[in-house]
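A quick write-up on the structure given underneath.
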Amino acid sequence: MEIYPAIDQMNGRCVRLSEGDYKARTDYDVAPLAMAASYKASGARWLHVVDLDGAKNPAQRQKTAITALVEESTLLVQTGGGVRAPADVDDLLALGASRVIVGSLCVNEPKTVMAILDKHGPEKIVLALDVRGDFDGGFFVTSSGWQDTSASRIEDIIRLYQGRARHILCTDISKDGKLKGPNVALYKFLCEQTPDMRFQASGGVTQLSDLDALKASGAAGAVIGKALYEKRFTLDEALRKVA
């Protein structure tokens with residue numbers, strides 16, 4: 001299982017939101033480049049970068065900061081935030097990103113996303129399908145920075161992209177930034193439903209045993225953010241855990 005240490009950046013600083021709420025923001029006294037360097041030193045291969053400025057306003061995308069993270073960290077970078085058109089994907093790949101995270105478009109404009117996948121291939125794109133709900137009523141995919149909940153269940157959206165997409169980043173929004181453990185049962189369900197997809201679990205990783213559970217669920221990757229910032233465990237420990 002791949003570990004994706006996360007950097008959510010805003011105004012040149014590392015921050016973390018709770019359930020995607022900009023008003024529930026925690027700022028950390030560390031620069032993104034310094035954090036990326038520490039992840040590199042710990043043995044990370046990938047870096048998960050969310051541009052929160054770009055997510056609010058694509059015109060404010062932090063292109064210089066993303067380029068610096070790619071070039072100075074030398075890590076493989078998957079990044080997103082405010083990707084609203086094919087040109088945004090082109091721009092981020094041109095900056096050196098190894099993979100671009102595409103979110104709301106997956107729900108709102110599937111034909112556009114299929115064209116993006118056809119152009120760049122499944123290894124360059126990760127679909128971000130972030131959900132609200134439960135097993136009783138179903139897990140429904142959100143859009144517009146988690147503000148709008150669609151009428152589409154996650155398994156139905158995934159079915160649209162089978163044969164084209166390979167990487168899916170799934171966040172249970174109720175777990176995001178809460179440090180209360182991930183929704184392991186959700187990832188087990190998704191992996192069993194569509195074993196040809198590679199799922200990245202995001203939201204709730206709190207302790208090293210969570211990584212054991214996610215690996216057992218079949219998840220191909222885990223995004224870890226707040227637990228590292230809050231020093232619940234080190235990246236070195238996490239990498240050793242899944243080796």
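How things are named: the first chain in the structure tokens is A, the next is B, and so on; residues count from 1 in each chain; ligands count from 1 in the order shown.
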
Can you check which residues of stretch 43-234 of chain A DSSP gives as helix (DSSP H, G or I) on the backbone and send them as a short mmCIF file (atom, residue, chain, number, x, y, z; two decimals) with N, CA and C atoms, in the first residue's frame?
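Once everything was written out, this is states.cif:
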```cif
data_model
loop_
_atom_site.label_atom_id
_atom_site.label_comp_id
_atom_site.auth_asym_id
_atom_site.auth_seq_id
_atom_site.Cartn_x
_atom_site.Cartn_y
_atom_site.Cartn_z
N LEU A 52 -5.52 24.91 -1.71
CA LEU A 52 -6.79 25.43 -1.21
C LEU A 52 -7.09 26.81 -1.76
N ASP A 53 -6.06 27.58 -2.10
CA ASP A 53 -6.30 28.86 -2.77
C ASP A 53 -6.93 28.63 -4.14
N GLY A 54 -6.36 27.68 -4.89
CA GLY A 54 -6.90 27.36 -6.21
C GLY A 54 -8.28 26.75 -6.14
N ALA A 55 -8.54 26.01 -5.06
CA ALA A 55 -9.86 25.40 -4.91
C ALA A 55 -10.95 26.46 -4.76
N LYS A 56 -10.61 27.55 -4.06
CA LYS A 56 -11.58 28.63 -3.89
C LYS A 56 -11.71 29.47 -5.15
N PRO A 58 -9.76 29.34 -9.02
CA PRO A 58 -8.71 28.83 -9.92
C PRO A 58 -7.76 29.90 -10.42
N ALA A 59 -8.22 31.16 -10.45
CA ALA A 59 -7.34 32.24 -10.88
C ALA A 59 -6.22 32.49 -9.89
N GLN A 60 -6.38 32.00 -8.66
CA GLN A 60 -5.36 32.17 -7.63
C GLN A 60 -4.56 30.89 -7.39
N LYS A 63 0.70 28.31 -8.68
CA LYS A 63 1.53 27.62 -9.66
C LYS A 63 2.99 27.62 -9.27
N THR A 64 3.48 28.74 -8.77
CA THR A 64 4.90 28.82 -8.38
C THR A 64 5.19 27.87 -7.23
N ALA A 65 4.29 27.81 -6.27
CA ALA A 65 4.48 26.94 -5.11
C ALA A 65 4.45 25.47 -5.52
N ILE A 66 3.53 25.12 -6.42
CA ILE A 66 3.44 23.73 -6.87
C ILE A 66 4.70 23.34 -7.65
N THR A 67 5.16 24.23 -8.51
CA THR A 67 6.39 23.97 -9.27
C THR A 67 7.56 23.76 -8.33
N ALA A 68 7.65 24.59 -7.29
CA ALA A 68 8.75 24.45 -6.33
C ALA A 68 8.68 23.13 -5.60
N LEU A 69 7.48 22.70 -5.22
CA LEU A 69 7.34 21.41 -4.54
C LEU A 69 7.79 20.26 -5.44
N VAL A 70 7.41 20.33 -6.70
CA VAL A 70 7.80 19.28 -7.65
C VAL A 70 9.31 19.25 -7.83
N GLU A 71 9.89 20.42 -8.07
CA GLU A 71 11.30 20.48 -8.44
C GLU A 71 12.23 20.30 -7.24
N GLU A 72 11.89 20.90 -6.11
CA GLU A 72 12.80 20.85 -4.96
C GLU A 72 12.66 19.58 -4.14
N SER A 73 11.45 19.04 -4.07
CA SER A 73 11.29 17.80 -3.29
C SER A 73 11.76 16.59 -4.07
N PRO A 86 -10.47 20.99 -18.72
CA PRO A 86 -9.31 20.26 -19.24
C PRO A 86 -8.03 21.08 -19.22
N ALA A 87 -8.14 22.39 -19.45
CA ALA A 87 -6.94 23.23 -19.46
C ALA A 87 -6.25 23.25 -18.09
N ASP A 88 -7.02 23.12 -17.02
CA ASP A 88 -6.43 23.08 -15.68
C ASP A 88 -5.57 21.82 -15.51
N VAL A 89 -6.04 20.72 -16.05
CA VAL A 89 -5.25 19.48 -16.01
C VAL A 89 -3.97 19.65 -16.81
N ASP A 90 -4.09 20.22 -18.00
CA ASP A 90 -2.91 20.46 -18.84
C ASP A 90 -1.89 21.33 -18.09
N ASP A 91 -2.38 22.37 -17.44
CA ASP A 91 -1.49 23.30 -16.73
C ASP A 91 -0.74 22.60 -15.61
N LEU A 92 -1.43 21.80 -14.81
CA LEU A 92 -0.79 21.14 -13.67
C LEU A 92 0.22 20.09 -14.13
N LEU A 93 -0.10 19.37 -15.18
CA LEU A 93 0.86 18.41 -15.72
C LEU A 93 2.08 19.13 -16.28
N ALA A 94 1.87 20.30 -16.87
CA ALA A 94 2.98 21.08 -17.41
C ALA A 94 3.88 21.60 -16.29
N SER A 104 -14.99 17.62 -8.76
CA SER A 104 -16.39 17.93 -9.10
C SER A 104 -16.75 17.59 -10.54
N LEU A 105 -15.81 17.73 -11.45
CA LEU A 105 -16.09 17.41 -12.85
C LEU A 105 -16.55 15.97 -13.03
N CYS A 106 -16.09 15.08 -12.15
CA CYS A 106 -16.46 13.66 -12.28
C CYS A 106 -17.96 13.47 -12.17
N VAL A 107 -18.59 14.31 -11.34
CA VAL A 107 -20.04 14.25 -11.15
C VAL A 107 -20.76 15.11 -12.16
N ASN A 108 -20.27 16.31 -12.37
CA ASN A 108 -21.00 17.30 -13.16
C ASN A 108 -20.79 17.20 -14.67
N PRO A 110 -19.18 14.23 -16.72
CA PRO A 110 -18.47 12.97 -16.96
C PRO A 110 -17.87 12.85 -18.36
N LYS A 111 -18.54 13.40 -19.37
CA LYS A 111 -17.99 13.30 -20.72
C LYS A 111 -16.67 14.06 -20.83
N THR A 112 -16.59 15.20 -20.14
CA THR A 112 -15.35 15.97 -20.12
C THR A 112 -14.24 15.18 -19.46
N VAL A 113 -14.56 14.52 -18.35
CA VAL A 113 -13.55 13.74 -17.64
C VAL A 113 -13.11 12.53 -18.46
N MET A 114 -14.03 11.92 -19.15
CA MET A 114 -13.65 10.79 -20.01
C MET A 114 -12.69 11.25 -21.10
N ALA A 115 -12.93 12.44 -21.63
CA ALA A 115 -12.02 12.98 -22.65
C ALA A 115 -10.65 13.26 -22.05
N ILE A 116 -10.62 13.76 -20.82
CA ILE A 116 -9.35 14.00 -20.12
C ILE A 116 -8.59 12.69 -19.94
N LEU A 117 -9.31 11.66 -19.53
CA LEU A 117 -8.68 10.35 -19.34
C LEU A 117 -8.16 9.79 -20.66
N ASP A 118 -8.94 9.95 -21.70
CA ASP A 118 -8.50 9.46 -23.01
C ASP A 118 -7.25 10.19 -23.49
N LYS A 119 -7.16 11.49 -23.18
CA LYS A 119 -6.02 12.29 -23.64
C LYS A 119 -4.75 11.95 -22.85
N HIS A 120 -4.88 11.86 -21.53
CA HIS A 120 -3.67 11.74 -20.69
C HIS A 120 -3.40 10.33 -20.18
N ILE A 154 -21.72 6.53 -4.95
CA ILE A 154 -20.33 6.41 -5.41
C ILE A 154 -20.14 5.23 -6.35
N GLU A 155 -20.80 4.12 -6.08
CA GLU A 155 -20.59 2.94 -6.94
C GLU A 155 -21.12 3.19 -8.35
N ASP A 156 -22.16 4.04 -8.48
CA ASP A 156 -22.69 4.35 -9.81
C ASP A 156 -21.73 5.24 -10.59
N ILE A 157 -21.12 6.20 -9.90
CA ILE A 157 -20.14 7.07 -10.56
C ILE A 157 -18.92 6.25 -10.99
N ILE A 158 -18.46 5.37 -10.12
CA ILE A 158 -17.30 4.53 -10.48
C ILE A 158 -17.59 3.70 -11.72
N ARG A 159 -18.80 3.18 -11.79
CA ARG A 159 -19.17 2.34 -12.93
C ARG A 159 -19.04 3.10 -14.25
N LEU A 160 -19.32 4.40 -14.22
CA LEU A 160 -19.20 5.22 -15.44
C LEU A 160 -17.78 5.20 -16.01
N TYR A 161 -16.81 5.12 -15.09
CA TYR A 161 -15.41 5.29 -15.50
C TYR A 161 -14.64 3.99 -15.60
N ILE A 173 -16.24 12.31 4.08
CA ILE A 173 -16.14 13.69 4.59
C ILE A 173 -16.34 13.75 6.10
N SER A 174 -17.18 12.89 6.63
CA SER A 174 -17.44 12.90 8.07
C SER A 174 -16.20 12.55 8.88
N LYS A 175 -15.20 11.96 8.23
CA LYS A 175 -13.97 11.55 8.91
C LYS A 175 -12.85 12.56 8.75
N VAL A 184 -13.07 2.13 7.26
CA VAL A 184 -12.46 0.94 6.64
C VAL A 184 -13.50 0.13 5.87
N ALA A 185 -14.70 0.03 6.43
CA ALA A 185 -15.74 -0.78 5.78
C ALA A 185 -16.09 -0.22 4.40
N LEU A 186 -16.05 1.09 4.24
CA LEU A 186 -16.34 1.70 2.94
C LEU A 186 -15.31 1.28 1.91
N TYR A 187 -14.04 1.32 2.27
CA TYR A 187 -12.99 0.96 1.30
C TYR A 187 -13.03 -0.53 0.99
N LYS A 188 -13.37 -1.35 1.97
CA LYS A 188 -13.51 -2.78 1.71
C LYS A 188 -14.63 -3.02 0.71
N PHE A 189 -15.73 -2.33 0.90
CA PHE A 189 -16.87 -2.43 -0.02
C PHE A 189 -16.47 -2.01 -1.43
N LEU A 190 -15.79 -0.88 -1.55
CA LEU A 190 -15.41 -0.38 -2.87
C LEU A 190 -14.44 -1.32 -3.57
N CYS A 191 -13.47 -1.82 -2.82
CA CYS A 191 -12.48 -2.72 -3.41
C CYS A 191 -13.11 -4.03 -3.87
N GLU A 192 -14.10 -4.49 -3.13
CA GLU A 192 -14.79 -5.72 -3.52
C GLU A 192 -15.68 -5.49 -4.74
N GLN A 193 -16.31 -4.29 -4.81
CA GLN A 193 -17.19 -3.97 -5.92
C GLN A 193 -16.43 -3.82 -7.23
N LEU A 208 -1.30 3.97 13.80
CA LEU A 208 -0.68 3.03 12.87
C LEU A 208 -1.56 1.83 12.57
N SER A 209 -2.35 1.41 13.54
CA SER A 209 -3.23 0.26 13.31
C SER A 209 -4.26 0.55 12.22
N ASP A 210 -4.58 1.82 12.01
CA ASP A 210 -5.50 2.18 10.91
C ASP A 210 -4.92 1.76 9.57
N LEU A 211 -3.61 1.83 9.44
CA LEU A 211 -2.97 1.44 8.19
C LEU A 211 -3.06 -0.06 7.97
N ASP A 212 -2.93 -0.84 9.04
CA ASP A 212 -3.13 -2.29 8.93
C ASP A 212 -4.53 -2.59 8.41
N ALA A 213 -5.52 -1.90 8.98
CA ALA A 213 -6.91 -2.14 8.60
C ALA A 213 -7.17 -1.74 7.16
N LEU A 214 -6.61 -0.60 6.74
CA LEU A 214 -6.81 -0.15 5.36
C LEU A 214 -6.14 -1.09 4.37
N LYS A 215 -4.96 -1.54 4.71
CA LYS A 215 -4.26 -2.48 3.83
C LYS A 215 -5.06 -3.76 3.68
N ALA A 216 -5.62 -4.23 4.78
CA ALA A 216 -6.43 -5.45 4.75
C ALA A 216 -7.72 -5.26 3.95
N SER A 217 -8.21 -4.02 3.89
CA SER A 217 -9.44 -3.74 3.15
C SER A 217 -9.24 -3.85 1.65
N LYS A 226 -3.35 15.18 8.91
CA LYS A 226 -3.37 15.74 10.25
C LYS A 226 -2.62 14.87 11.26
N ALA A 227 -2.69 13.56 11.11
CA ALA A 227 -2.01 12.67 12.06
C ALA A 227 -0.51 12.92 12.07
N LEU A 228 0.05 13.27 10.92
CA LEU A 228 1.49 13.58 10.86
C LEU A 228 1.77 14.95 11.47
N TYR A 229 0.92 15.92 11.16
CA TYR A 229 1.12 17.26 11.73
C TYR A 229 0.98 17.25 13.25
#
```

**Request:** Please provide as a PyMOL selection string all residues within 8 Å of A:Gln200, with the sequence filter that same-chain residues fewer than 4 positions apart are discarded (counting only C-alpha atoms).
**Result:** chain A and resi 167-170+219-223

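Of the listed residues A:Ala31, A:Leu47, A:Val100, A:Ala128, the one whose atoms come nearest to A:Phe199 is A:Ala128, with distances taken using only C-alpha atoms.
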
**Asked** Taking into account only C-alpha atoms, which residue in the set A:Gly81, A:Gly96, A:Pro32, A:Gly43 is nearest to A:Ile3?
**Response** A:Gly43

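Distances from A:Asn11, A:Ser202, A:Thr74, A:Gln162 to A:Lys40 were compared using only C-alpha atoms, and the smallest one belongs to A:Thr74.
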